[in-house]
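Enquirer: One file is attached below, upload07.txt, containing compact mmCIF, C-alpha atoms and all ligand atoms.
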# COMPACT_ATOMS: atom_id res chain seq x y z
CA MET A 78 34.27 23.24 -31.79
CA ARG A 79 36.41 21.70 -34.51
CA ASP A 80 34.59 20.48 -37.58
CA ILE A 81 35.39 17.50 -39.75
CA LYS A 82 34.52 18.56 -43.27
CA GLY A 83 31.78 20.82 -42.00
CA VAL A 84 30.25 18.21 -39.69
CA THR A 85 30.21 18.77 -35.94
CA PRO A 86 31.70 15.69 -34.26
CA LYS A 87 29.34 13.61 -32.16
CA LEU A 88 32.17 12.57 -29.87
CA GLU A 89 35.57 14.10 -29.47
CA THR A 90 38.66 13.73 -27.33
CA ARG A 91 41.32 16.40 -27.06
CA ALA A 92 44.79 15.63 -25.73
CA LEU A 93 43.39 12.76 -23.71
CA ASP A 94 45.74 10.98 -21.32
CA LEU A 95 44.61 8.01 -19.27
CA PHE A 96 46.60 6.18 -16.61
CA TYR A 97 45.90 2.89 -14.85
CA GLY A 98 47.94 3.62 -11.75
CA HIS A 99 51.38 4.35 -13.20
CA PHE A 100 50.64 2.76 -16.56
CA HIS A 101 50.09 5.32 -19.31
CA ALA A 102 47.35 3.65 -21.39
CA LEU A 103 46.20 6.53 -23.61
CA LYS A 104 48.68 9.16 -24.76
CA GLN A 105 47.52 12.54 -26.00
CA VAL A 106 44.67 11.06 -27.99
CA SER A 107 42.73 13.60 -30.05
CA VAL A 108 40.01 12.05 -32.15
CA SER A 109 36.68 13.16 -33.61
CA ILE A 110 33.86 10.70 -34.20
CA ARG A 111 31.46 11.65 -36.97
CA PRO A 112 27.71 11.46 -36.34
CA ARG A 113 25.67 8.82 -38.15
CA ALA A 114 28.67 6.97 -39.44
CA ILE A 115 30.71 3.95 -38.40
CA THR A 116 34.15 4.64 -36.99
CA ALA A 117 36.37 1.59 -36.61
CA ILE A 118 39.11 1.55 -33.99
CA ILE A 119 41.83 -0.88 -34.98
CA GLY A 120 45.25 -1.85 -33.68
CA PRO A 121 47.10 -4.71 -32.02
CA SER A 122 45.98 -6.22 -28.75
CA GLY A 123 46.67 -4.14 -25.65
CA CYS A 124 47.05 -0.81 -27.44
CA GLY A 125 44.15 0.95 -25.69
CA LYS A 126 41.18 0.40 -28.01
CA SER A 127 38.80 -0.81 -25.30
CA THR A 128 40.09 1.83 -22.91
CA LEU A 129 39.31 4.57 -25.42
CA LEU A 130 35.84 3.18 -26.09
CA ARG A 131 35.08 3.04 -22.35
CA VAL A 132 36.13 6.69 -21.97
CA PHE A 133 33.11 7.71 -24.04
CA ASN A 134 30.56 6.50 -21.51
CA ARG A 135 32.75 6.69 -18.42
CA MET A 136 32.93 2.95 -17.95
CA ASN A 137 36.55 3.36 -16.75
CA ASP A 138 35.24 5.29 -13.74
CA THR A 139 34.58 2.05 -11.89
CA ILE A 140 38.19 0.83 -12.22
CA PRO A 141 40.26 1.81 -9.17
CA GLY A 142 43.36 3.91 -9.85
CA VAL A 143 42.24 5.35 -13.20
CA ARG A 144 43.28 8.94 -13.86
CA LEU A 145 42.44 10.93 -16.90
CA SER A 146 43.23 14.37 -18.25
CA GLY A 147 42.30 16.22 -21.40
CA GLU A 148 38.84 16.73 -22.78
CA VAL A 149 36.08 14.33 -23.79
CA LEU A 150 33.09 15.90 -25.48
CA LEU A 151 29.66 14.67 -26.51
CA ASP A 152 27.93 17.12 -28.84
CA GLY A 153 30.56 19.65 -27.83
CA GLN A 154 29.88 19.31 -24.08
CA SER A 155 32.34 17.84 -21.61
CA ILE A 156 31.20 14.50 -20.19
CA TYR A 157 33.74 14.68 -17.36
CA SER A 158 32.43 17.85 -15.79
CA ARG A 159 31.19 17.91 -12.24
CA ASN A 160 27.56 18.13 -13.28
CA THR A 161 27.59 15.26 -15.78
CA ASP A 162 24.68 12.93 -15.08
CA ILE A 163 26.27 9.51 -15.62
CA GLN A 164 22.98 7.62 -15.90
CA ARG A 165 21.86 10.00 -18.64
CA LEU A 166 25.22 9.75 -20.35
CA ARG A 167 25.08 5.94 -20.44
CA LYS A 168 21.55 6.05 -21.78
CA LYS A 169 22.73 8.25 -24.66
CA VAL A 170 25.97 6.36 -25.17
CA GLY A 171 25.36 2.62 -24.90
CA MET A 172 27.82 -0.24 -25.13
CA VAL A 173 27.89 -3.74 -26.63
CA PHE A 174 30.59 -6.17 -25.54
CA GLN A 175 32.60 -9.03 -27.05
CA ARG A 176 30.53 -11.76 -25.47
CA PRO A 177 26.79 -11.27 -25.68
CA ASN A 178 25.68 -10.61 -22.10
CA PRO A 179 21.88 -10.76 -21.96
CA PHE A 180 20.38 -10.76 -18.49
CA PRO A 181 19.20 -14.19 -17.30
CA LEU A 182 15.65 -13.07 -17.96
CA SER A 183 13.14 -13.54 -20.74
CA VAL A 184 13.60 -11.99 -24.17
CA PHE A 185 10.86 -9.48 -23.33
CA GLU A 186 12.30 -8.52 -19.94
CA ASN A 187 15.74 -7.97 -21.43
CA VAL A 188 14.44 -5.33 -23.81
CA ALA A 189 11.90 -3.87 -21.38
CA TYR A 190 14.52 -3.46 -18.65
CA GLY A 191 15.96 -0.12 -19.79
CA PRO A 192 12.65 1.59 -20.62
CA LYS A 193 11.34 0.52 -17.19
CA ILE A 194 14.36 1.92 -15.37
CA HIS A 195 14.34 5.15 -17.32
CA ARG A 196 10.53 5.22 -17.19
CA LEU A 197 10.47 5.82 -20.94
CA ALA A 198 7.22 3.97 -21.45
CA ASN A 199 4.09 3.29 -19.48
CA SER A 200 3.16 -0.37 -19.39
CA GLY A 201 0.84 -0.06 -22.39
CA ASP A 202 3.59 1.39 -24.55
CA LEU A 203 6.18 -1.01 -23.22
CA HIS A 204 5.04 -3.79 -25.52
CA GLU A 205 5.29 -1.49 -28.52
CA GLN A 206 8.72 -0.35 -27.43
CA VAL A 207 9.93 -3.95 -27.11
CA GLU A 208 8.44 -4.87 -30.47
CA ALA A 209 10.01 -1.85 -32.18
CA SER A 210 13.44 -2.55 -30.68
CA LEU A 211 13.30 -6.22 -31.71
CA LYS A 212 12.23 -5.21 -35.21
CA GLN A 213 15.18 -2.83 -35.50
CA THR A 214 17.60 -5.71 -35.05
CA GLY A 215 15.65 -8.16 -37.20
CA LEU A 216 14.71 -10.41 -34.26
CA TRP A 217 10.99 -9.80 -34.11
CA ASP A 218 9.82 -12.31 -36.69
CA ASP A 219 11.88 -15.10 -35.14
CA LEU A 220 11.07 -14.32 -31.54
CA LYS A 221 7.57 -12.83 -31.43
CA GLY A 222 6.20 -16.22 -30.38
CA ARG A 223 8.95 -16.74 -27.80
CA LEU A 224 9.04 -13.48 -25.88
CA ASN A 225 8.88 -15.35 -22.59
CA ALA A 226 11.71 -17.74 -23.45
CA SER A 227 14.96 -17.27 -21.59
CA ALA A 228 17.39 -15.02 -23.43
CA LEU A 229 20.10 -17.54 -22.58
CA SER A 230 18.38 -20.13 -24.80
CA LEU A 231 19.03 -18.04 -27.94
CA SER A 232 21.91 -18.59 -30.37
CA PRO A 233 25.00 -16.39 -29.82
CA GLU A 234 24.05 -14.21 -32.79
CA GLN A 235 20.50 -13.77 -31.51
CA GLN A 236 21.89 -12.96 -28.07
CA GLN A 237 24.10 -10.25 -29.55
CA ARG A 238 21.16 -8.84 -31.51
CA LEU A 239 19.14 -8.92 -28.31
CA CYS A 240 21.83 -6.94 -26.50
CA ILE A 241 21.66 -4.38 -29.29
CA SER A 242 17.84 -4.30 -29.03
CA ARG A 243 18.19 -3.77 -25.28
CA LEU A 244 20.32 -0.70 -25.99
CA LEU A 245 18.06 0.67 -28.71
CA ALA A 246 15.07 0.45 -26.38
CA VAL A 247 16.41 3.33 -24.29
CA GLU A 248 16.75 5.52 -27.38
CA PRO A 249 20.50 6.06 -27.40
CA GLU A 250 22.42 8.29 -29.80
CA VAL A 251 25.77 6.51 -29.80
CA LEU A 252 26.52 2.78 -29.91
CA LEU A 253 29.94 1.72 -28.66
CA MET A 254 30.82 -1.79 -29.74
CA ASP A 255 33.83 -3.66 -28.42
CA GLU A 256 34.59 -6.48 -30.87
CA PRO A 257 30.89 -7.40 -31.03
CA CYS A 258 31.45 -10.21 -33.54
CA SER A 259 34.44 -11.90 -31.97
CA ALA A 260 32.28 -14.68 -30.47
CA LEU A 261 30.32 -15.23 -33.71
CA ASP A 262 30.84 -17.43 -36.74
CA PRO A 263 31.40 -15.83 -40.17
CA ILE A 264 27.76 -16.02 -41.26
CA ALA A 265 26.49 -14.48 -38.03
CA THR A 266 29.25 -11.88 -38.31
CA ALA A 267 28.11 -10.91 -41.80
CA GLN A 268 24.55 -10.54 -40.52
CA ILE A 269 25.58 -8.32 -37.63
CA GLU A 270 27.69 -6.22 -40.03
CA GLU A 271 24.63 -5.81 -42.24
CA LEU A 272 22.65 -4.67 -39.20
CA LEU A 273 25.31 -2.10 -38.26
CA MET A 274 25.22 -0.66 -41.77
CA GLN A 275 21.47 -0.11 -41.34
CA LEU A 276 21.79 1.30 -37.83
CA LYS A 277 24.37 3.90 -38.81
CA THR A 278 21.71 5.87 -40.66
CA GLN A 279 20.22 6.69 -37.24
CA TYR A 280 23.04 6.23 -34.75
CA THR A 281 26.69 7.10 -34.33
CA ILE A 282 28.68 3.89 -34.09
CA ALA A 283 32.22 3.39 -32.82
CA ILE A 284 33.39 -0.20 -33.16
CA VAL A 285 36.59 -1.80 -31.93
CA THR A 286 37.67 -4.64 -34.14
CA HIS A 287 40.89 -6.53 -34.63
CA ASN A 288 39.47 -7.82 -37.89
CA MET A 289 40.86 -5.43 -40.48
CA GLN A 290 38.64 -6.82 -43.22
CA GLN A 291 35.66 -5.98 -41.05
CA ALA A 292 36.89 -2.42 -40.57
CA ALA A 293 37.43 -2.06 -44.31
CA ARG A 294 33.99 -3.51 -45.12
CA ILE A 295 31.78 -1.57 -42.78
CA SER A 296 33.41 1.59 -41.50
CA ASP A 297 33.40 5.11 -42.89
CA GLU A 298 36.34 6.23 -40.78
CA THR A 299 39.18 4.25 -39.29
CA ALA A 300 41.36 5.12 -36.32
CA TYR A 301 44.60 3.18 -35.90
CA MET A 302 46.00 2.88 -32.38
CA LEU A 303 49.38 1.63 -31.28
CA LEU A 304 50.74 1.48 -27.71
CA GLY A 305 48.23 3.99 -26.42
CA GLU A 306 48.74 6.48 -29.24
CA LEU A 307 46.34 7.37 -31.99
CA VAL A 308 48.66 6.95 -34.95
CA GLU A 309 46.24 7.88 -37.71
CA VAL A 310 42.58 8.54 -38.31
CA GLY A 311 40.78 9.29 -41.54
CA GLN A 312 38.43 7.99 -44.17
CA THR A 313 38.62 4.22 -44.15
CA ASN A 314 39.42 3.97 -47.82
CA ALA A 315 42.29 6.42 -47.49
CA VAL A 316 43.69 4.80 -44.34
CA PHE A 317 43.72 1.39 -46.03
CA THR A 318 45.00 2.44 -49.44
CA ARG A 319 47.13 5.52 -48.75
CA PRO A 320 48.14 5.49 -45.06
CA ARG A 321 50.06 8.60 -44.08
CA ASP A 322 52.05 6.98 -41.28
CA PRO A 323 54.53 4.17 -41.99
CA ARG A 324 53.35 2.39 -38.80
CA THR A 325 49.81 2.21 -40.21
CA GLU A 326 51.18 0.89 -43.47
CA GLN A 327 53.10 -1.82 -41.61
CA TYR A 328 50.05 -2.86 -39.65
CA ILE A 329 47.56 -3.02 -42.48
CA SER A 330 49.99 -4.88 -44.70
CA GLY A 331 50.12 -7.51 -41.96
CA ARG A 332 53.70 -7.07 -40.88
CA PHE A 333 52.77 -7.08 -37.20
CA GLY A 334 49.78 -7.27 -34.92
N1 LIG B 1 41.77 -2.37 -15.47
C1 LIG B 1 43.03 -2.25 -15.89
N2 LIG B 1 44.03 -2.09 -15.00
C2 LIG B 1 45.33 -1.97 -15.42
N3 LIG B 1 45.70 -2.01 -16.71
C3 LIG B 1 44.75 -2.17 -17.63
C4 LIG B 1 43.36 -2.30 -17.29
N4 LIG B 1 42.65 -2.45 -18.42
C5 LIG B 1 43.55 -2.42 -19.43
N5 LIG B 1 44.80 -2.25 -18.96
C6 LIG B 1 46.03 -2.15 -19.76
O1 LIG B 1 45.90 -1.05 -20.65
C7 LIG B 1 46.40 -1.40 -21.94
C8 LIG B 1 45.30 -1.21 -22.97
O2 LIG B 1 44.28 -2.17 -22.71
P1 LIG B 1 42.98 -2.25 -23.62
O3 LIG B 1 42.37 -0.91 -23.71
O4 LIG B 1 42.16 -3.35 -23.07
O5 LIG B 1 43.61 -2.66 -25.03
P2 LIG B 1 42.93 -3.28 -26.33
O6 LIG B 1 41.46 -3.16 -26.21
O7 LIG B 1 43.51 -2.50 -27.48
O8 LIG B 1 43.38 -4.71 -26.40
C9 LIG B 1 46.91 -2.83 -21.83
O9 LIG B 1 48.30 -2.79 -21.61
C10 LIG B 1 46.20 -3.38 -20.64
O10 LIG B 1 46.96 -4.37 -19.98
MG MG B 2 40.01 -4.65 -26.13
Could you spell out this file's structure in structure tokens?
Expert:
Amino acid sequence: MRDIKGVTPKLETRALDLFYGHFHALKQVSVSIRPRAITAIIGPSGCGKSTLLRVFNRMNDTIPGVRLSGEVLLDGQSIYSRNTDIQRLRKKVGMVFQRPNPFPLSVFENVAYGPKIHRLANSGDLHEQVEASLKQTGLWDDLKGRLNASALSLSPEQQQRLCISRLLAVEPEVLLMDEPCSALDPIATAQIEELLMQLKTQYTIAIVTHNMQQAARISDETAYMLLGELVEVGQTNAVFTRPRDPRTEQYISGRFG
């Protein structure tokens, strides 16, 4: 297994190609995602950022006509082998989407859903699990008196936090986030960013963002994608101040995208 500065990657792709039918959406992508850090995936619209993110928990599997070759590893093990348990994979590698998508259930039931399915907690512990997960996202104090309220009655920011709590409740290791702040106002965005900075001490986070300031503020590593290719990946500070590839330089200086 390749190391990044002595650290074993949490996630890795090697020479990954992905096709939607005849369309070549990911081209020879080799990337390593460091554990317990935030990796930002940036690039113009349509360049394969969401596709790459979905590769990591096999969310593309459900799309007809998808073909993929190359390797995708979690902790050094292929996640596309015949004996991969997809339910277990998605429990370890959870995903948060652009629009908060809580279930049309109560706050409590949203967070309890995963532990019930995975039978992580008996009913006595379930309450503690829900409380702990809501505390981790800073929702507990606001919502402890409203656990039976509909999740759909919450503000967009609270809904996004709830979706993160719902993930944390199944004790994942990796959080994949696809533009999780794009439906939020700047204050809510800053609060979610703050939360991600806390969560990275325990979890590996890969976040797609088309907000370059956000990538610069919160990420440790940045990967720049263009037309299905991984153009450059490295320490965020280096990518933003001393990009190695002229295409990265053009993008971050705002000349296109
Ligand atoms: N389900 C799909 N079927 C066919 N083409 C798709 C599908 N999803 C995405 N694509 C195409 O793959 C390319 C990359 O899409 P995507 O990963 O969503 O890009 P990004 O997240 O960077 O905007 C785009 O050209 C898009 O049109
Ligand atoms: Mg996308």
Enquirer: Using all atoms listed in the file, find each protein or nucleic acid residue lying at most 7 Å from ligand LIG 1 (chain B); present the set as a list of chain:residue names.
Expert: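 These are the residues that qualify: A:Tyr97, A:Phe100, A:Ala102, A:Gly120, A:Pro121, A:Ser122, A:Gly123, A:Cys124, A:Gly125, A:Lys126, A:Ser127, A:Thr128, A:Leu129, A:Ile140, A:Gly305.
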Enquirer: Between atom CA of Phe174 of chain A and atom MG of ligand MG 2 (chain B), what is the spacing in Å?
Expert: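 Separation of atom MG of ligand MG 2 (chain B) and atom CA of Phe174 of chain A: 9.6 Å.
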Enquirer: Taking all atoms listed in the file into account, name the residue in A:Gln175, A:Asn199, A:Gln105, A:Gln279 that is nearest to ligand MG 2 (chain B).
Expert: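 Among the listed residues, the smallest separation from ligand MG 2 (chain B) belongs to A:Gln175.
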Enquirer: In Å, with one decimal, what is the gap from atom CA of Thr116 of chain A to atom CA of Thr281 of chain A?
Expert: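 A separation of 8.3 Å between them.
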Enquirer: Nearest to ligand MG 2 (chain B) among A:Asp262, A:Glu186, A:Glu250, A:Asp255, with distances taken over only C-alpha atoms and all ligand atoms: which residue is it?
Expert: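 Closest to ligand MG 2 (chain B), using only C-alpha atoms and all ligand atoms: A:Asp255.
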Enquirer: Quick one: everything within 7 Å of Val108 of chain A, counting only C-alpha atoms, minus sequence neighbours fewer than 2 positions away in the same chain. Send it as a ChimeraX atom specification.
Expert: /A:89-91,106,110
Enquirer: Nearest to ligand MG 2 (chain B): which of A:Arg176, A:His204, A:His287, A:Arg223 is it, counting all atoms listed in the file?
Expert: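 Using all atoms listed in the file, the shortest distance to ligand MG 2 (chain B) belongs to A:His287.
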Enquirer: Which of these residues is nearest to Asn314 of chain A, using only C-alpha atoms: A:Ile269, A:Leu253, A:Ala117, A:Glu234?
Expert: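 Counting only C-alpha atoms, the residue closest to Asn314 of chain A is A:Ala117.
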Enquirer: Select, from A:Glu256, A:Asp138, A:Asp202, A:Glu271, the residue with the minimum atom-to-atom distance to ligand MG 2 (chain B), counting only C-alpha atoms and all ligand atoms.
Expert: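 Of the candidates, the smallest distance to ligand MG 2 (chain B) is held by A:Glu256.
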Enquirer: Would you work out the distance separating atom MG of ligand MG 2 (chain B) from atom CA of Pro257 of chain A, expressed in Å to one decimal?
Expert: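 One can read the atom MG of ligand MG 2 (chain B) to atom CA of Pro257 of chain A distance as 10.7 Å.
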Enquirer: Determine, counting all atoms listed in the file, which protein, DNA and RNA residues have an atom within 12 Å of an atom of Ala267 of chain A; residues of the same chain fewer than 2 positions away are not included. Present the result as a list of chain:residue names.
Expert: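 The residues that qualify are A:Glu234, A:Pro257, A:Cys258, A:Ser259, A:Leu261, A:Asp262, A:Pro263, A:Ile264, A:Ala265, A:Ile269, A:Glu270, A:Glu271, A:Leu272, A:Leu273, A:Met274, A:Gln290, A:Gln291, A:Arg294, A:Ile295.
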Enquirer: Distance cut-off 12 Å, centre (29.5, 11.4, -23.1) in file coordinates, counting only C-alpha atoms: which residues qualify? Return them as JSON, numbers by chain.
Expert: {"A": [87, 88, 89, 90, 110, 130, 131, 132, 133, 134, 135, 136, 148, 149, 150, 151, 152, 153, 154, 155, 156, 157, 158, 161, 162, 163, 164, 165, 166, 167, 168, 169, 170, 171, 172, 249, 250, 251, 252, 253]}
Enquirer: With all atoms listed in the file as the atoms that count, which of A:Ile118, A:Leu239, A:Arg144, A:Ala189 lies nearest to ligand MG 2 (chain B)?
Expert: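 Among the listed residues, A:Ile118 lies closest to ligand MG 2 (chain B).
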Enquirer: Could you work out an axis-aligned box for segment 160-165 of chain A, taking every atom the file lists and adding 8 Å on each side, and report centre and edge lengths in Å to one decimal, as AutoDock Vina command-line options?
Expert:
--center_x 24.7 --center_y 12.9 --center_z -16.0 --size_x 21.7 --size_y 26.5 --size_z 21.4
